[in-house]
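J.: If it helps, the file is called final.cif and holds mmCIF, C-alpha atoms and all ligand atoms:
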```cif
data_protein
#
loop_
_atom_site.label_atom_id
_atom_site.label_comp_id
_atom_site.auth_asym_id
_atom_site.auth_seq_id
_atom_site.Cartn_x
_atom_site.Cartn_y
_atom_site.Cartn_z
CA MET Z 1 65.34 -15.29 83.66
CA SER Z 2 62.53 -12.76 83.84
CA ASP Z 3 59.88 -12.36 81.13
CA ALA Z 4 59.41 -8.71 81.95
CA CYS Z 5 60.55 -6.02 84.34
CA ILE Z 6 58.76 -2.79 85.11
CA ILE Z 7 61.29 -0.50 86.71
CA ASN Z 8 61.12 2.70 88.75
CA GLY Z 9 57.33 2.75 88.94
CA HIS Z 10 55.19 3.86 91.87
CA ILE Z 11 53.73 0.49 92.84
CA ILE Z 12 50.25 0.49 94.40
CA ASP Z 13 48.91 -2.92 95.41
CA PRO Z 14 45.93 -2.47 97.75
CA ALA Z 15 45.76 -6.22 98.49
CA ASN Z 16 49.21 -6.10 100.11
CA ASN Z 17 49.25 -2.49 101.32
CA ILE Z 18 52.16 -1.75 98.98
CA ASP Z 19 52.64 1.92 98.11
CA GLU Z 20 56.27 2.53 97.13
CA VAL Z 21 58.60 3.26 94.24
CA GLY Z 22 60.40 0.19 92.96
CA ASP Z 23 60.66 -2.56 90.36
CA ILE Z 24 58.48 -5.55 89.51
CA SER Z 25 59.75 -8.61 87.70
CA ILE Z 26 57.64 -11.33 86.12
CA THR Z 27 59.01 -14.82 85.49
CA ASP Z 28 57.14 -17.65 83.77
CA GLY Z 29 54.02 -15.47 83.73
CA LYS Z 30 54.04 -15.00 87.52
CA ILE Z 31 55.06 -12.11 89.76
CA ALA Z 32 58.62 -12.95 90.88
CA LYS Z 33 59.66 -9.84 92.77
CA VAL Z 34 57.92 -6.66 93.93
CA GLY Z 35 59.58 -3.52 95.23
CA GLY Z 36 63.21 -2.60 95.69
CA LYS Z 37 65.63 -2.42 92.80
CA GLU Z 38 65.88 -5.26 90.33
CA ALA Z 39 69.38 -6.72 89.98
CA LEU Z 40 70.58 -5.65 86.54
CA THR Z 41 71.80 -9.16 85.69
CA ASP Z 42 68.19 -10.30 85.88
CA LEU Z 43 67.20 -7.90 83.15
CA GLN Z 44 68.92 -9.72 80.29
CA ASN Z 45 66.37 -11.03 77.78
CA ALA Z 46 63.55 -9.52 79.75
CA ASN Z 47 61.36 -6.84 78.34
CA VAL Z 48 62.18 -3.84 80.46
CA TYR Z 49 59.55 -1.13 80.82
CA ASP Z 50 60.61 2.15 82.38
CA ALA Z 51 57.76 3.35 84.59
CA THR Z 52 59.47 6.40 86.01
CA GLY Z 53 56.74 8.83 87.08
CA LEU Z 54 54.02 6.25 86.42
CA ILE Z 55 51.73 4.21 88.69
CA VAL Z 56 52.02 0.40 88.57
CA VAL Z 57 48.99 -1.57 89.77
CA PRO Z 58 47.60 -5.10 89.49
CA GLY Z 59 45.89 -5.73 86.14
CA LEU Z 60 42.45 -4.12 86.33
CA ILE Z 61 39.34 -6.29 86.58
CA ASP Z 62 35.97 -5.34 85.08
CA MET Z 63 33.40 -7.54 86.75
CA HIS Z 64 30.52 -6.56 84.46
CA VAL Z 65 30.80 -6.59 80.67
CA HIS Z 66 28.70 -7.76 77.75
CA LEU Z 67 30.91 -9.38 75.11
CA ARG Z 68 27.85 -10.31 72.96
CA GLU Z 69 29.36 -13.56 71.62
CA PRO Z 70 27.69 -15.90 70.80
CA GLY Z 71 24.76 -14.48 68.89
CA PHE Z 72 25.34 -10.75 68.60
CA GLU Z 73 28.70 -10.62 66.85
CA HIS Z 74 27.61 -7.54 64.89
CA LYS Z 75 27.80 -5.62 68.21
CA GLU Z 76 30.93 -7.17 69.71
CA THR Z 77 32.93 -10.38 69.89
CA ILE Z 78 35.07 -11.86 72.62
CA ALA Z 79 38.05 -10.78 70.49
CA THR Z 80 36.99 -7.15 70.01
CA GLY Z 81 35.55 -6.69 73.49
CA THR Z 82 38.69 -7.96 75.19
CA ALA Z 83 40.85 -5.84 72.85
CA ALA Z 84 38.88 -2.81 74.09
CA ALA Z 85 39.36 -4.07 77.66
CA ALA Z 86 43.13 -4.27 77.21
CA ALA Z 87 43.15 -0.78 75.71
CA GLY Z 88 41.43 0.42 78.86
CA GLY Z 89 43.96 -1.22 81.18
CA PHE Z 90 41.86 -4.29 82.04
CA THR Z 91 43.51 -7.71 82.10
CA SER Z 92 40.39 -9.56 83.24
CA VAL Z 93 36.70 -9.20 82.45
CA ALA Z 94 33.67 -11.11 83.68
CA CYS Z 95 31.03 -11.46 80.98
CA MET Z 96 27.27 -11.61 81.27
CA ALA Z 97 25.11 -14.52 80.18
CA ASN Z 98 22.53 -12.64 78.06
CA THR Z 99 23.96 -13.82 74.76
CA SER Z 100 22.13 -15.90 72.15
CA PRO Z 101 21.92 -18.64 73.16
CA VAL Z 102 21.90 -17.64 76.83
CA ILE Z 103 24.80 -19.09 78.83
CA ASP Z 104 22.67 -21.43 80.93
CA THR Z 105 24.40 -24.84 80.87
CA PRO Z 106 27.86 -26.14 81.86
CA GLU Z 107 28.62 -26.83 78.18
CA LYS Z 108 28.00 -23.18 77.29
CA ILE Z 109 30.33 -22.02 80.09
CA GLU Z 110 32.98 -24.31 78.58
CA GLN Z 111 32.30 -22.81 75.14
CA ILE Z 112 33.01 -19.30 76.41
CA TYR Z 113 36.30 -20.46 77.91
CA ASP Z 114 37.08 -22.22 74.64
CA ILE Z 115 36.43 -19.17 72.43
CA ALA Z 116 38.30 -16.95 74.90
CA SER Z 117 41.34 -19.24 74.89
CA LYS Z 118 41.54 -18.80 71.11
CA THR Z 119 40.59 -15.16 70.59
CA ALA Z 120 40.65 -13.13 73.80
CA THR Z 121 43.30 -10.56 74.61
CA THR Z 122 42.44 -10.59 78.33
CA ASN Z 123 41.32 -13.21 80.82
CA VAL Z 124 37.60 -13.91 80.47
CA PHE Z 125 35.51 -15.19 83.39
CA PRO Z 126 31.94 -16.09 82.41
CA PHE Z 127 28.76 -15.78 84.44
CA GLY Z 128 25.99 -18.30 83.96
CA SER Z 129 22.35 -17.29 84.01
CA ILE Z 130 20.20 -17.78 87.11
CA THR Z 131 17.18 -18.95 85.11
CA THR Z 132 17.00 -20.99 81.92
CA GLY Z 133 16.93 -18.70 78.89
CA LEU Z 134 16.63 -15.68 81.25
CA ALA Z 135 12.94 -16.54 81.28
CA GLY Z 136 12.62 -16.26 85.06
CA GLU Z 137 10.79 -19.59 85.32
CA GLU Z 138 13.25 -22.29 86.39
CA LEU Z 139 16.71 -22.31 87.90
CA THR Z 140 19.65 -23.40 85.78
CA ASP Z 141 22.17 -26.08 86.76
CA MET Z 142 24.21 -23.60 88.78
CA ARG Z 143 26.09 -26.37 90.53
CA GLY Z 144 27.22 -27.80 87.18
CA MET Z 145 28.06 -24.41 85.70
CA HIS Z 146 30.03 -23.49 88.82
CA SER Z 147 32.06 -26.70 88.40
CA ALA Z 148 32.61 -25.72 84.74
CA GLY Z 149 34.06 -22.38 85.81
CA ALA Z 150 31.17 -19.92 86.11
CA VAL Z 151 32.31 -17.22 88.55
CA GLY Z 152 28.78 -16.18 89.49
CA PHE Z 153 25.23 -16.11 88.21
CA SER Z 154 23.14 -13.35 86.72
CA ASP Z 155 20.06 -12.75 84.60
CA ASP Z 156 21.49 -9.26 83.96
CA GLY Z 157 19.34 -7.26 81.61
CA VAL Z 158 16.22 -8.46 83.40
CA THR Z 159 15.15 -8.96 87.02
CA VAL Z 160 14.21 -12.38 88.33
CA MET Z 161 10.72 -11.32 89.40
CA ASN Z 162 9.90 -14.62 91.15
CA ALA Z 163 11.10 -14.18 94.74
CA ALA Z 164 10.98 -17.91 95.44
CA LEU Z 165 13.43 -18.56 92.60
CA MET Z 166 15.73 -15.86 93.98
CA ARG Z 167 15.48 -17.49 97.41
CA ASP Z 168 16.52 -20.82 95.89
CA ALA Z 169 19.41 -19.23 93.95
CA LEU Z 170 20.68 -17.52 97.11
CA THR Z 171 20.30 -20.74 99.09
CA LEU Z 172 22.62 -22.45 96.60
CA SER Z 173 24.96 -19.44 96.83
CA ALA Z 174 25.15 -19.97 100.60
CA GLU Z 175 26.12 -23.59 100.02
CA LEU Z 176 28.62 -23.14 97.19
CA GLY Z 177 29.94 -19.62 97.80
CA PHE Z 178 29.40 -17.98 94.41
CA PRO Z 179 27.73 -14.54 94.08
CA ILE Z 180 24.24 -13.99 92.69
CA MET Z 181 24.50 -10.77 90.64
CA VAL Z 182 21.23 -8.93 90.38
CA HIS Z 183 19.82 -6.42 87.92
CA CYS Z 184 17.23 -4.59 90.02
CA GLU Z 185 14.20 -3.13 88.23
CA GLU Z 186 10.65 -4.11 89.17
CA HIS Z 187 9.22 -4.96 85.75
CA ASN Z 188 5.74 -3.58 86.35
CA LEU Z 189 6.92 -0.24 87.71
CA ASN Z 190 9.44 -0.12 84.90
CA ALA Z 191 7.03 -1.01 82.10
CA GLY Z 192 7.64 1.01 78.95
CA ALA Z 193 10.23 3.24 80.64
CA VAL Z 194 13.06 4.53 78.47
CA MET Z 195 14.66 6.86 81.05
CA ASN Z 196 14.44 8.08 84.66
CA LEU Z 197 11.07 9.40 85.84
CA GLY Z 198 11.50 13.10 86.54
CA GLU Z 199 11.61 16.60 85.19
CA THR Z 200 13.36 15.62 81.95
CA SER Z 201 11.09 12.66 81.17
CA ARG Z 202 8.04 14.90 81.65
CA LYS Z 203 9.55 17.61 79.48
CA LEU Z 204 10.40 15.12 76.70
CA GLY Z 205 7.10 13.27 77.05
CA LEU Z 206 8.86 9.95 77.63
CA VAL Z 207 7.86 7.18 80.03
CA GLY Z 208 10.13 7.23 83.07
CA SER Z 209 11.15 4.62 85.61
CA PRO Z 210 10.92 5.69 89.28
CA ASN Z 211 13.75 5.08 91.75
CA ALA Z 212 11.33 2.80 93.58
CA ALA Z 213 11.56 0.28 90.72
CA GLU Z 214 15.19 -0.32 91.73
CA ASP Z 215 14.81 0.16 95.48
CA ILE Z 216 12.01 -2.40 95.82
CA ILE Z 217 14.04 -5.19 94.22
CA VAL Z 218 17.22 -4.27 96.11
CA ALA Z 219 15.21 -4.41 99.36
CA ARG Z 220 13.62 -7.75 98.41
CA ASP Z 221 16.89 -9.36 97.43
CA ILE Z 222 18.63 -8.10 100.59
CA MET Z 223 15.84 -9.75 102.63
CA LEU Z 224 16.33 -12.99 100.71
CA ALA Z 225 20.12 -12.85 101.20
CA GLU Z 226 19.55 -12.25 104.91
CA MET Z 227 17.15 -15.18 105.08
CA THR Z 228 19.38 -17.63 103.21
CA GLY Z 229 22.91 -16.46 104.01
CA GLY Z 230 23.66 -16.27 100.28
CA HIS Z 231 26.00 -13.73 98.65
CA LEU Z 232 24.02 -11.01 96.88
CA HIS Z 233 25.86 -8.70 94.50
CA VAL Z 234 23.88 -5.66 93.35
CA LEU Z 235 24.86 -4.70 89.80
CA HIS Z 236 25.03 -1.08 88.59
CA VAL Z 237 23.49 0.75 91.57
CA SER Z 238 21.78 3.93 90.36
CA THR Z 239 19.63 5.27 93.23
CA ALA Z 240 20.24 6.94 96.57
CA GLY Z 241 17.69 4.55 98.09
CA ALA Z 242 19.61 1.47 96.94
CA VAL Z 243 22.83 2.86 98.42
CA GLU Z 244 21.14 3.34 101.79
CA LEU Z 245 19.51 -0.13 101.72
CA ILE Z 246 22.88 -1.74 101.01
CA ARG Z 247 24.58 0.37 103.72
CA GLN Z 248 22.05 -0.74 106.36
CA ALA Z 249 22.20 -4.38 105.21
CA LYS Z 250 25.99 -4.40 105.54
CA LYS Z 251 25.65 -2.97 109.07
CA ARG Z 252 23.39 -5.93 109.93
CA GLY Z 253 25.99 -8.34 108.54
CA VAL Z 254 24.10 -9.38 105.41
CA HIS Z 255 26.43 -10.77 102.73
CA VAL Z 256 25.80 -8.09 100.14
CA THR Z 257 28.26 -6.40 97.78
CA ALA Z 258 27.63 -3.75 95.15
CA GLU Z 259 29.13 -2.04 92.13
CA VAL Z 260 28.56 1.22 90.29
CA CYS Z 261 29.37 2.31 86.74
CA PRO Z 262 30.98 5.63 85.75
CA HIS Z 263 27.88 6.99 84.00
CA HIS Z 264 25.87 6.64 87.21
CA TRP Z 265 28.28 8.79 89.23
CA ILE Z 266 28.86 11.40 86.48
CA LEU Z 267 25.75 11.95 84.34
CA THR Z 268 22.19 12.94 85.26
CA ASP Z 269 19.01 12.22 83.33
CA SER Z 270 19.26 15.69 81.73
CA GLU Z 271 21.92 14.08 79.52
CA VAL Z 272 19.12 12.34 77.60
CA GLU Z 273 18.12 15.71 76.18
CA LYS Z 274 21.66 16.32 74.87
CA GLN Z 275 22.77 12.84 73.90
CA GLY Z 276 19.58 10.92 73.10
CA THR Z 277 20.09 7.17 72.93
CA ASN Z 278 23.74 7.38 74.02
CA ALA Z 279 22.27 8.32 77.40
CA LYS Z 280 19.72 5.49 77.35
CA MET Z 281 20.50 2.62 79.69
CA HIS Z 282 18.88 0.39 82.32
CA PRO Z 283 18.96 1.31 85.11
CA PRO Z 284 18.69 4.85 83.76
CA LEU Z 285 20.73 7.94 84.53
CA ARG Z 286 19.17 9.52 87.62
CA THR Z 287 19.59 12.86 89.43
CA GLN Z 288 22.30 14.82 91.24
CA THR Z 289 20.85 13.59 94.56
CA ASP Z 290 21.49 10.02 93.44
CA ILE Z 291 24.99 10.88 92.21
CA ASP Z 292 25.84 12.46 95.57
CA ALA Z 293 24.61 9.35 97.40
CA ILE Z 294 26.56 7.03 95.09
CA ILE Z 295 29.76 9.01 95.66
CA GLU Z 296 29.20 8.87 99.41
CA GLY Z 297 28.60 5.11 99.05
CA LEU Z 298 31.89 4.74 97.19
CA ARG Z 299 33.63 6.77 99.90
CA ASP Z 300 32.33 4.85 102.90
CA GLY Z 301 32.70 1.41 101.30
CA THR Z 302 28.97 0.72 100.86
CA ILE Z 303 29.75 0.43 97.15
CA ASP Z 304 32.52 -2.13 96.84
CA ALA Z 305 33.49 -2.12 93.20
CA ILE Z 306 33.68 -0.08 90.00
CA ALA Z 307 32.48 -1.83 86.83
CA THR Z 308 31.57 -0.67 83.33
CA ASP Z 309 28.44 -2.58 82.24
CA HIS Z 310 30.15 -2.33 78.81
CA ALA Z 311 27.11 -2.74 76.54
CA PRO Z 312 27.98 -2.44 72.86
CA HIS Z 313 25.25 -1.87 70.28
CA ALA Z 314 25.59 -1.26 66.54
CA PRO Z 315 25.14 2.35 65.37
CA SER Z 316 22.02 1.40 63.39
CA GLU Z 317 20.45 0.00 66.57
CA LYS Z 318 21.24 3.10 68.64
CA ALA Z 319 19.88 5.26 65.78
CA GLN Z 320 16.36 3.89 66.28
CA GLY Z 321 15.36 6.67 68.69
CA MET Z 322 14.62 6.71 72.41
CA LEU Z 323 11.61 4.40 72.23
CA ASP Z 324 13.19 1.59 70.26
CA ALA Z 325 16.97 1.78 70.72
CA PRO Z 326 18.54 -0.88 72.98
CA ASN Z 327 19.90 0.05 76.41
CA GLY Z 328 23.51 0.65 77.35
CA ILE Z 329 26.83 2.19 76.44
CA ILE Z 330 30.36 0.94 75.88
CA GLY Z 331 32.75 1.66 78.74
CA LEU Z 332 35.93 -0.40 78.79
CA GLU Z 333 38.25 2.23 77.34
CA THR Z 334 37.02 5.15 79.45
CA CYS Z 335 36.34 3.64 82.88
CA LEU Z 336 39.79 4.08 84.40
CA SER Z 337 40.10 7.66 83.14
CA LEU Z 338 36.60 8.55 84.36
CA ALA Z 339 37.43 7.09 87.79
CA LEU Z 340 40.65 9.05 88.01
CA THR Z 341 39.11 12.28 86.70
CA TYR Z 342 35.81 12.22 88.60
CA LEU Z 343 36.59 10.28 91.79
CA VAL Z 344 40.30 10.59 92.55
CA GLN Z 345 41.06 14.12 91.38
CA PRO Z 346 38.17 15.74 93.29
CA GLY Z 347 39.30 13.79 96.38
CA HIS Z 348 36.26 11.49 96.73
CA LEU Z 349 38.57 8.46 96.72
CA THR Z 350 42.30 8.06 97.17
CA LEU Z 351 44.14 6.51 94.25
CA THR Z 352 44.61 3.35 96.34
CA GLU Z 353 40.88 3.15 97.12
CA ALA Z 354 39.94 3.58 93.45
CA ILE Z 355 42.45 0.93 92.36
CA ALA Z 356 41.20 -1.48 95.05
CA LYS Z 357 37.68 -1.14 93.62
CA MET Z 358 39.00 -2.26 90.22
CA THR Z 359 41.41 -4.98 91.40
CA ALA Z 360 41.44 -6.74 94.77
CA ILE Z 361 37.79 -6.14 95.64
CA PRO Z 362 36.20 -7.47 92.42
CA ALA Z 363 38.65 -10.41 92.50
CA ASN Z 364 37.46 -11.19 96.00
CA ILE Z 365 33.77 -10.89 95.07
CA LEU Z 366 34.24 -13.26 92.12
CA GLY Z 367 36.64 -15.57 93.93
CA ILE Z 368 39.29 -15.34 91.20
CA ASP Z 369 43.06 -15.44 91.75
CA ARG Z 370 43.70 -12.02 90.25
CA GLY Z 371 43.87 -8.40 91.39
CA THR Z 372 47.10 -8.59 93.40
CA LEU Z 373 50.84 -8.24 92.88
CA SER Z 374 51.68 -10.90 95.49
CA VAL Z 375 54.79 -12.90 94.65
CA GLY Z 376 53.61 -16.01 92.82
CA ALA Z 377 50.39 -14.39 91.60
CA VAL Z 378 49.56 -14.24 87.89
CA GLY Z 379 51.70 -11.54 86.26
CA ASP Z 380 48.88 -9.23 85.21
CA VAL Z 381 49.97 -5.61 85.59
CA THR Z 382 48.62 -2.23 84.49
CA VAL Z 383 50.73 0.91 84.27
CA ILE Z 384 48.97 4.27 84.52
CA ASP Z 385 50.02 7.82 83.74
CA VAL Z 386 47.81 9.77 86.15
CA ASP Z 387 48.86 13.11 84.63
CA ALA Z 388 48.25 12.27 80.97
CA ILE Z 389 45.45 14.36 79.50
CA ASN Z 390 43.66 12.97 76.46
CA ARG Z 391 40.39 13.48 74.72
CA VAL Z 392 38.10 10.46 74.28
CA ASP Z 393 37.91 9.65 70.57
CA VAL Z 394 35.37 6.91 69.99
CA THR Z 395 36.42 6.52 66.36
CA LYS Z 396 39.63 4.95 67.70
CA SER Z 397 37.82 2.45 69.94
CA ARG Z 398 38.76 -1.24 69.65
CA SER Z 399 35.14 -2.11 70.36
CA LYS Z 400 32.95 -2.93 67.37
CA SER Z 401 30.45 -0.40 68.66
CA ARG Z 402 30.51 3.37 69.15
CA ASN Z 403 27.77 4.04 71.69
CA THR Z 404 29.27 6.31 74.33
CA PRO Z 405 28.19 9.67 75.74
CA PHE Z 406 31.81 10.49 76.61
CA THR Z 407 33.36 11.04 73.19
CA GLY Z 408 35.16 14.37 73.01
CA TRP Z 409 35.52 14.55 76.81
CA GLU Z 410 38.96 15.56 78.07
CA LEU Z 411 40.04 13.16 80.81
CA ARG Z 412 43.12 13.07 83.01
CA GLY Z 413 44.81 9.74 83.80
CA TRP Z 414 45.21 6.94 81.23
CA GLN Z 415 46.67 3.46 81.10
CA THR Z 416 49.99 3.25 79.26
CA ILE Z 417 51.22 -0.35 79.42
CA THR Z 418 49.16 -3.44 80.19
CA LEU Z 419 50.76 -6.85 80.72
CA ARG Z 420 48.92 -10.17 80.89
CA GLU Z 421 51.04 -12.95 82.38
CA GLY Z 422 54.06 -10.73 81.72
CA LYS Z 423 53.27 -10.15 78.05
CA LYS Z 424 52.24 -6.79 76.67
CA ILE Z 425 48.66 -6.70 75.42
ZN ZN Z 501 21.99 -4.84 84.07
#
```
Written as structure tokens, how would this file's structure read?
Ligand SMILES: [Zn+2]
T.:
Amino acid sequence: MSDACIINGHIIDPANNIDEVGDISITDGKIAKVGGKEALTDLQNANVYDATGLIVVPGLIDMHVHLREPGFEHKETIATGTAAAAAGGFTSVACMANTSPVIDTPEKIEQIYDIASKTATTNVFPFGSITTGLAGEELTDMRGMHSAGAVGFSDDGVTVMNAALMRDALTLSAELGFPIMVHCEEHNLNAGAVMNLGETSRKLGLVGSPNAAEDIIVARDIMLAEMTGGHLHVLHVSTAGAVELIRQAKKRGVHVTAEVCPHHWILTDSEVEKQGTNAKMHPPLRTQTDIDAIIEGLRDGTIDAIATDHAPHAPSEKAQGMLDAPNGIIGLETCLSLALTYLVQPGHLTLTEAIAKMTAIPANILGIDRGTLSVGAVGDVTVIDVDAINRVDVTKSRSKSRNTPFTGWELRGWQTITLREGKKI
């Protein structure tokens, strides 16, 4: 007997090249049947969801979120962050290690899985840090953390400035297969910067970070990936230069993948003038030239994945002004709609390409058994109404935090039903 059936939906599963109207049934938490018409006898006791006119895709994966637990529960918890994820159509999130304490031992990886098993709405896949305490001085026990379930390693929030340590991390990546996820900002070029270096920073009298701060580290880490054969994943690409470096590296066969976040393909640094600290993030919002390059990178496959860098901060923290407020914005509940509205509707990506960048591709980068509707796969499914028009209302967010520049924006295309292992979340 099925747990759930989603009938009459337009099924798009990029991993299996499925693009057809039909039914999906989920039995014992696993995909049992995809496409065609479900036999009505099978529908008894199952939860039947009518998806007529809707798009049915594998449960979305966000490969870059900050859930803030342990240590910063006033900003977010694994419970609230994953509730926001589910509300945005995500069934899986991968969470960064810059908590307090930092996730830098196998025991701490196990703790994240333990908290998630008790409180999370979605699947949670933790990253471990590359260096102990994010201090950039010594490598963590990546081998042990990988055995404990870490899906990759990242000092996200800061750059590992020691190139020899990065070489060693990528050497281990080559041996064990996990990705090294890099936040690319040269600390010295970036010193004191609170936004992009450019016309707006000069006008506002704020210290800006040049594109070169990102490009230099992307170039360095590509060289180290090329030297070691390790898997480099560039987090939140923001510059035209980084896109081109990654494009050329891929052409040479370097094992490099990359992601971008919605704010970096939609907003320019002029947003800082209008939105203040809700437009403050690292790497910063750049220029239209960078946006054009990022969109071209998404189109030609240079940029593999779409991620949010969901970075919740309490209102009192974001109210501290441009110099003192922490970096980042929340993003889990708006990412899908921003992708549909600003990438698919203008024709930059097909719907299938956009969905692949939020399902099969991030699953492949992280090496997790998600992101597909293959028979026997975990029954994580997201249903989307691509024609629904809604206004972002941050007061209704499931996140504990409210820091978004997108509140009030009218977006077209929203998730409607999200199932995790066949159960509605
Ligand atoms: Zn980062």
J.: Hey, which residues sit close to ligand ZN 501 (chain Z)? Say within 10 Å, counting only C-alpha atoms and all ligand atoms, and write them as a list in words.
T.: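 Counting only C-alpha atoms and all ligand atoms, the residues within 10 Å of ligand ZN 501 (chain Z) come out as His64, Val65, His66, Met96, Asn98, Ser154, Asp155, Asp156, Gly157, Val158, Thr159, Met181, Val182, His183, Cys184, Glu185, Val234, Leu235, His236, Val237, Met281, His282, Pro283, Asp309, Ala311, Asn327 and Gly328 of chain Z.
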J.: Within 10 Å of Z:Pro284, counting all atoms listed in the file, which residues qualify if same-chain residues fewer than 4 places away don't, as a ChimeraX atom specification?
T.: /Z:193-197,208-211,236,238-239,263-264,268-269,272,279-280,327-328
J.: Find the residues near Z:Ala87: any atom within 10 Å, counting all atoms listed in the file, skip ones fewer than 6 places away on the same chain, and give them as a PDB file with C-alpha atoms, in the coordinates of the input.
T.:
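The file below, out00.pdb, is the result:
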```pdb
ATOM      1  CA  GLY Z  81      35.550  -6.690  73.490  1.00  0.00           C
ATOM      2  CA  THR Z 121      43.300 -10.560  74.610  1.00  0.00           C
ATOM      3  CA  LEU Z 332      35.930  -0.400  78.790  1.00  0.00           C
ATOM      4  CA  GLU Z 333      38.250   2.230  77.340  1.00  0.00           C
ATOM      5  CA  THR Z 334      37.020   5.150  79.450  1.00  0.00           C
ATOM      6  CA  SER Z 397      37.820   2.450  69.940  1.00  0.00           C
ATOM      7  CA  ARG Z 398      38.760  -1.240  69.650  1.00  0.00           C
ATOM      8  CA  SER Z 399      35.140  -2.110  70.360  1.00  0.00           C
ATOM      9  CA  TRP Z 414      45.210   6.940  81.230  1.00  0.00           C
ATOM     10  CA  GLN Z 415      46.670   3.460  81.100  1.00  0.00           C
ATOM     11  CA  THR Z 416      49.990   3.250  79.260  1.00  0.00           C
ATOM     12  CA  ILE Z 417      51.220  -0.350  79.420  1.00  0.00           C
ATOM     13  CA  THR Z 418      49.160  -3.440  80.190  1.00  0.00           C
ATOM     14  CA  ILE Z 425      48.660  -6.700  75.420  1.00  0.00           C
TER      15      ILE Z 425
END
```
J.: Hey, can you check how far atom CA of Z:His313 sits from atom CA of Z:Thr277?
T.: 10.7 Å
J.: Using all atoms listed in the file, find the one residue out of Z:His10, Z:Lys37, Z:Lys108, Z:Arg247 that sits nearest to Z:Pro70.
T.: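 The closest residue to Z:Pro70 is Z:Lys108.
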J.: List the spatial neighbours of Z:Val102 as a VMD selection string - criterion: any atom at most 8 Å away, all atoms listed in the file, same-chain residues fewer than 4 positions off excluded.
T.: chain Z and resid 97 to 98 129 132 to 134
J.: May I have the residues within 12 Å of Z:Gly241 as a ChimeraX atom specification, using all atoms listed in the file and disregarding those fewer than 5 positions away in the same chain?
T.: /Z:210-219,246-248,286,289-294,297
J.: Give me the residues near stretch 138-143 of chain Z as an MDAnalysis selection string, where near means some atom within 10 Å (using all atoms listed in the file) and where sequence neighbours in that chain fewer than 3 positions away do not count.
T.: chainID Z and resid 103:106 128:135 146:148 150 152:153 162 165:166 168:169 172:173 175:176 178
J.: For a test of reading the model, state the distance in Å between atom CA of Z:Val383 and atom CA of Z:Pro58, rounded to one decimal.
T.: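 Separating atom CA of Z:Val383 from atom CA of Z:Pro58 is a distance of 8.6 Å.
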J.: Atom CA of Z:Leu54 and atom CA of Z:Glu38, how far apart in Å?
T.: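 Straight-line distance from atom CA of Z:Glu38 to atom CA of Z:Leu54 works out to 17.0 Å.
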J.: Nearest to Z:Ala174: which of Z:Arg202, Z:His231, Z:Lys357, Z:Arg299 is it, counting all atoms listed in the file?
T.: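 Once distances to Z:Ala174 are computed over all atoms listed in the file, the minimum belongs to Z:His231.
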J.: Provide an axis-aligned box for all listed atoms of stretch 259-262 of chain Z, padding each side by 5 Å; report its centre and its edge lengths in Å to one decimal, as JSON.
T.:
```
{"center_x": 29.8, "center_y": 1.8, "center_z": 88.9, "size_x": 12.4, "size_y": 17.7, "size_z": 16.4}
```
J.: Taking into account only C-alpha atoms, which residue in the set Z:Arg252, Z:Asn47, Z:Glu259, Z:Glu73 is nearest to Z:Thr27?
T.: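 Once distances to Z:Thr27 are computed over only C-alpha atoms, the minimum belongs to Z:Asn47.
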J.: Return the single residue from Z:Trp265, Z:Tyr49, Z:Phe90, Z:Phe125 that is closest to Z:Ile6, with distances computed using only C-alpha atoms.
T.: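 Counting only C-alpha atoms, the residue closest to Z:Ile6 is Z:Tyr49.
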J.: Pick out the closest residue to Z:His233 from this set: Z:Met63, Z:Ile78, Z:Val378, Z:Leu411. Count only C-alpha atoms.
T.: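 Among the listed residues, the smallest separation from Z:His233 belongs to Z:Met63.
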J.: Smallest atom-to-atom distance to Z:Asn364: which of Z:Gly198, Z:Gly229, Z:Pro179, Z:Pro405, using only C-alpha atoms?
T.: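 Result for the nearest residue to Z:Asn364: Z:Pro179.
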